[in-house]
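The structure appears right after this line, and notes come after that.
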Amino acid sequence: MEFSFDVDALLPERITVLDQHLRPPARRPGTTTPARVDLQQQIMTIVDELGKASAKAQHLPAPITSASRMQSNRHVMYVLKDTSARPAGKGAIIGFLKVGYKKLFVLDDREAHNEVEPLCILDFYIHESLQRHGHGRELFHYMLQKERVEPHQLAIDRPSQKLLKFLNKHYNLETTVPQVNNFVIFEGFFAHQHPPARKLPPKRAEGDIKPYSSSDREFLKVAVEPPWPLNRAPRRATPPAHPPPRSSSLGNSPERGPLRPFVPEQELLRSLRLCPPHPTARLLLATDPGGSPAQRRRTR
C-alpha cells in the first residue's frame with residue numbers, strides 16, 4: 001500500500017509498534033523533515049487507510065481499525081513495511097496486526113463460565129498482492145515474541161476463514177472450544193492462563209433454598225401454651241429458687257408462671273356457676289328494689 005509521503009523515512013524499522021498515542025518512532029540519524037510536516041498526522045493517515053483496506057477485504061460494513069479507535073483504546077498495532085519495493089523512493093506498507101487485552105466470559109470444555117483477560121487478535125490484514133509470501137507469518141511471529149504468549153493462549157475476534165487456515169497451517173490450531181460470543185479460542189487455552197481464570201460461583205439449585213435461616217428460630221422451639229390467664233399458677237409467698245426462662249421474643253411481655261394442667265371446658269363452666277357472687281354485686285341487688293328476679297339472676 002503506497003502513500004504520498006515518505007513511508008520509509010517515517011517508519012525506520014521493518015516492523016513498527018504503535019500504541020494509543022500514535023507517536024512517530026525515533027528517526028534515523030541524518031534524516032531531516034520540514035518543520036511544517038505533521039508526522040503524527042501521517043501516522044494517523046496510515047492507520048485509517050489500513051483499517052479501510054482490512055474492512056473491505058473482510059466484507060465489513062465499517063472499519064474496525066482507525067486512528068480514533070486506537071487513541072481511545074489500549075491496543076497495540078504492528079505495522080509491516082516493504083523495504084525492497086521503493087516506488088518513487090517513498091516505500092510501501094505490506095500489512096498490520098492489531099492486538100489488545102480484553103475481559104471476556106468464555107466457556108471451558110465442561111461448559112463452565114470463566115472470567116479471563118487474554119491477549120486478543122482484533123484485526124489482521126496483509127495486502128492482497130503480497131499474500132502467500134510469508135509476510136503474515138513474519139508479522140505474527142514477531143508479535144508472539146514481543147508479547148511473550150503462545151498461539152493457543154490467544155483469543156481471536158471474529159476470525160475469517162483465511163485466518164483460521166493460517167493458524168492451522170503454521171501453529172496447528174484446529175480444535176476450537178465453542179463459545180456464545182464472537183471470540184474463538186482453541187484447545188489448550190485454559191492450560192496456561194496467567195493470571196489464572198476466575199471462575200464464577202455456580203448458581204444455587206432451587207432445592208437448596210429453605211423457608212427459614214440456617215439456625216432454627218427460637219420461637220418454633222417454645223412449647224404451645226393455653227391462653228392467658230388459664231396458664232397462671234397460684235401466687236407463692238416466696239419466689240422460686242430458679243425462675244422459669246423468659247420468652248426470647250422482642251419486647252417486654254408479662255411474666256408467666258409454670259403451666260397448670262389443662263382444664264376441660266365443662267368443668268370450667270361448672271366451677272364458674274358455683275362461684276359465689278362478688279360482694280359488690282350483692283350490694284347492687286339489695287339497693288335496687290325495682291329490679292326483677294330475672295334481672296337479679298342476670299346480674300348475678
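Going through the C-alpha cells in order, the chains are called A, B, and so on, while each chain numbers its residues from 1 and the ligands are numbered from 1 in the order shown.
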Sorted by chain and rising residue number, which residues of stretch 134-170 of chain A lie within 12 Å of stretch 67-82 of chain A, and what are their closest atom pairs and distances in Å to one decimal, counting only C-alpha atoms, as CSV?
residue,atom,partner,partner_atom,distance
A:Gly134,CA,A:Leu80,CA,11.9
A:His135,CA,A:Leu80,CA,8.2
A:Gly136,CA,A:Leu80,CA,9.2
A:Arg137,CA,A:Leu80,CA,11.3
A:Glu138,CA,A:Leu80,CA,9.1
A:Leu139,CA,A:Leu80,CA,6.9
A:Phe140,CA,A:Tyr78,CA,9.0
A:His141,CA,A:Tyr78,CA,11.1
A:Tyr142,CA,A:Tyr78,CA,8.8
A:Met143,CA,A:Tyr78,CA,7.4
A:Leu144,CA,A:Tyr78,CA,11.1
A:Lys146,CA,A:Tyr78,CA,10.2
A:Glu147,CA,A:Val76,CA,10.1
**Those of stretch 33-106 of chain A in DSSP strand (DSSP E or B), formatted as JSON, numbers by chain** = {"A": [76, 77, 78, 79, 80, 81, 82, 92, 93, 94, 95, 96, 97, 98, 99, 100, 101, 104, 105, 106]}
**Request:** Using DSSP on the backbone coordinates, identify the residues of stretch 141-178 of chain A assigned to helix (DSSP H, G or I); present them as a PyMOL selection string.
**Result:** chain A and resi 141-147+151-153+161-171
**Request:** Find the residues near A:Asn182: any atom within 10 Å, counting only C-alpha atoms, skip ones fewer than 4 places away on the same chain, and give them as a VMD selection string.
**Result:** chain A and resid 155 to 159
How would the residues just picked look written out with all heavy atoms as a PDB file, in the first residue's frame?
ATOM      1  N   ALA A 155      -7.063 -15.276  22.013  1.00  0.00           N
ATOM      2  CA  ALA A 155      -8.482 -15.279  21.663  1.00  0.00           C
ATOM      3  C   ALA A 155      -8.651 -14.414  20.424  1.00  0.00           C
ATOM      4  O   ALA A 155      -8.153 -13.280  20.381  1.00  0.00           O
ATOM      5  CB  ALA A 155      -9.334 -14.745  22.815  1.00  0.00           C
ATOM      6  N   ILE A 156      -9.359 -14.930  19.419  1.00  0.00           N
ATOM      7  CA  ILE A 156      -9.476 -14.241  18.127  1.00  0.00           C
ATOM      8  C   ILE A 156     -10.893 -13.713  17.968  1.00  0.00           C
ATOM      9  O   ILE A 156     -11.866 -14.459  18.144  1.00  0.00           O
ATOM     10  CB  ILE A 156      -9.105 -15.172  16.953  1.00  0.00           C
ATOM     11  CG1 ILE A 156      -7.646 -15.644  17.102  1.00  0.00           C
ATOM     12  CG2 ILE A 156      -9.270 -14.462  15.632  1.00  0.00           C
ATOM     13  CD1 ILE A 156      -7.478 -16.936  17.829  1.00  0.00           C
ATOM     14  N   ASP A 157     -10.988 -12.437  17.641  1.00  0.00           N
ATOM     15  CA  ASP A 157     -12.284 -11.792  17.474  1.00  0.00           C
ATOM     16  C   ASP A 157     -12.760 -11.959  16.027  1.00  0.00           C
ATOM     17  O   ASP A 157     -12.165 -11.413  15.096  1.00  0.00           O
ATOM     18  CB  ASP A 157     -12.158 -10.303  17.832  1.00  0.00           C
ATOM     19  CG  ASP A 157     -13.503  -9.588  17.782  1.00  0.00           C
ATOM     20  OD1 ASP A 157     -14.537 -10.277  17.733  1.00  0.00           O
ATOM     21  OD2 ASP A 157     -13.511  -8.340  17.802  1.00  0.00           O
ATOM     22  N   ARG A 158     -13.823 -12.729  15.850  1.00  0.00           N
ATOM     23  CA  ARG A 158     -14.455 -12.954  14.550  1.00  0.00           C
ATOM     24  C   ARG A 158     -13.436 -13.301  13.465  1.00  0.00           C
ATOM     25  O   ARG A 158     -13.262 -12.554  12.483  1.00  0.00           O
ATOM     26  CB  ARG A 158     -15.262 -11.729  14.130  1.00  0.00           C
ATOM     27  CG  ARG A 158     -16.371 -11.363  15.096  1.00  0.00           C
ATOM     28  CD  ARG A 158     -17.170 -10.169  14.607  1.00  0.00           C
ATOM     29  NE  ARG A 158     -18.179  -9.772  15.559  1.00  0.00           N
ATOM     30  CZ  ARG A 158     -19.036  -8.770  15.371  1.00  0.00           C
ATOM     31  NH1 ARG A 158     -18.997  -8.073  14.254  1.00  0.00           N
ATOM     32  NH2 ARG A 158     -19.926  -8.481  16.284  1.00  0.00           N
ATOM     33  N   PRO A 159     -12.735 -14.394  13.602  1.00  0.00           N
ATOM     34  CA  PRO A 159     -11.707 -14.718  12.596  1.00  0.00           C
ATOM     35  C   PRO A 159     -12.346 -15.123  11.272  1.00  0.00           C
ATOM     36  O   PRO A 159     -13.391 -15.773  11.228  1.00  0.00           O
ATOM     37  CB  PRO A 159     -10.964 -15.897  13.241  1.00  0.00           C
ATOM     38  CG  PRO A 159     -11.979 -16.544  14.126  1.00  0.00           C
ATOM     39  CD  PRO A 159     -12.837 -15.428  14.656  1.00  0.00           C
TER      40      PRO A 159
END
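For the pair atom CA of A:Gln20 and atom CA of A:Leu163, the separation is 24.8 Å.
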**Request:** With a distance cut-off of 10 Å and only C-alpha atoms, select the neighbouring residues of A:Ile64, excluding the residue or stretch itself and same-chain residues fewer than 4 positions from it, and output the selection as a PyMOL selection string.
**Result:** chain A and resi 48+51-52+54-55+60+69-70+122-123
**Prompt:** Neighbours of stretch 186-190 of chain A within 7 Å (only C-alpha atoms; same-chain residues fewer than 6 positions away dropped), as JSON, numbers by chain?
**Reply:** {"A": [152, 153, 173, 175, 176, 177]}
**Asked** Neighbours of A:Asp8 within 9 Å (only C-alpha atoms; same-chain residues fewer than 3 positions away dropped), as JSON, numbers by chain?
**Response** {"A": [5, 11, 12, 13, 14, 81, 82, 83, 86, 89, 90, 91, 92]}
Create the file for the chosen residues now, containing N, CA, C and O atoms and written as a compact mmCIF listing (two decimals), in the first residue's frame.
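Now in again19.txt:
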# COMPACT_ATOMS: atom_id res chain seq x y z
N PHE A 5 3.42 10.42 1.03
CA PHE A 5 4.57 10.86 1.80
C PHE A 5 5.59 9.73 1.90
O PHE A 5 5.31 8.58 1.49
N LEU A 11 8.76 5.42 9.02
CA LEU A 11 8.87 4.18 9.78
C LEU A 11 10.23 3.56 9.50
O LEU A 11 10.39 2.83 8.53
N PRO A 12 11.23 3.85 10.33
CA PRO A 12 12.59 3.39 10.03
C PRO A 12 12.75 1.88 10.12
O PRO A 12 13.57 1.32 9.39
N GLU A 13 12.02 1.20 10.98
CA GLU A 13 12.16 -0.24 11.15
C GLU A 13 11.21 -0.99 10.21
O GLU A 13 10.21 -0.44 9.74
N ARG A 14 11.54 -2.26 9.99
CA ARG A 14 10.66 -3.06 9.12
C ARG A 14 9.30 -3.28 9.79
O ARG A 14 8.27 -3.23 9.12
N LYS A 81 6.31 -2.90 6.91
CA LYS A 81 6.56 -2.15 5.68
C LYS A 81 7.45 -2.95 4.73
O LYS A 81 8.15 -3.90 5.13
N ASP A 82 7.41 -2.58 3.48
CA ASP A 82 8.19 -3.25 2.44
C ASP A 82 9.49 -2.47 2.24
O ASP A 82 9.46 -1.31 1.83
N THR A 83 10.60 -3.10 2.56
CA THR A 83 11.90 -2.42 2.43
C THR A 83 12.51 -2.59 1.05
O THR A 83 13.44 -1.86 0.70
N ARG A 86 10.49 0.27 -3.52
CA ARG A 86 10.56 1.70 -3.23
C ARG A 86 9.95 2.49 -4.39
O ARG A 86 10.68 3.06 -5.21
N GLY A 89 10.72 6.10 -4.45
CA GLY A 89 11.59 6.33 -3.31
C GLY A 89 10.89 6.63 -2.02
O GLY A 89 11.48 7.22 -1.11
N LYS A 90 9.60 6.25 -1.89
CA LYS A 90 8.82 6.59 -0.69
C LYS A 90 8.43 5.36 0.14
O LYS A 90 7.86 5.52 1.21
N GLY A 91 8.69 4.16 -0.32
CA GLY A 91 8.35 2.98 0.45
C GLY A 91 6.89 2.62 0.36
O GLY A 91 6.07 3.32 -0.25
N ALA A 92 6.50 1.48 1.01
CA ALA A 92 5.12 0.99 0.97
C ALA A 92 4.84 0.19 2.25
O ALA A 92 5.76 -0.25 2.95
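A straight line drawn from atom CA of A:Gln161 to atom CA of A:Met44 is 28.8 Å long.
Taking only C-alpha atoms into account, A:Phe124 lies nearest to A:Gly95 out of the set A:Arg270, A:Lys102, A:Gly95, A:Glu111.
You can rank A:Leu104, A:Ala57, A:Ile15, A:Val99 by their closest distance to A:Tyr125 using only C-alpha atoms, and at the top of that list sits A:Ala57.
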**Prompt:** Between A:Ala62, A:Ala26, A:Leu10, A:Leu107, which has the minimum distance to A:Asp38 (counting only C-alpha atoms)?
**Reply:** A:Leu10
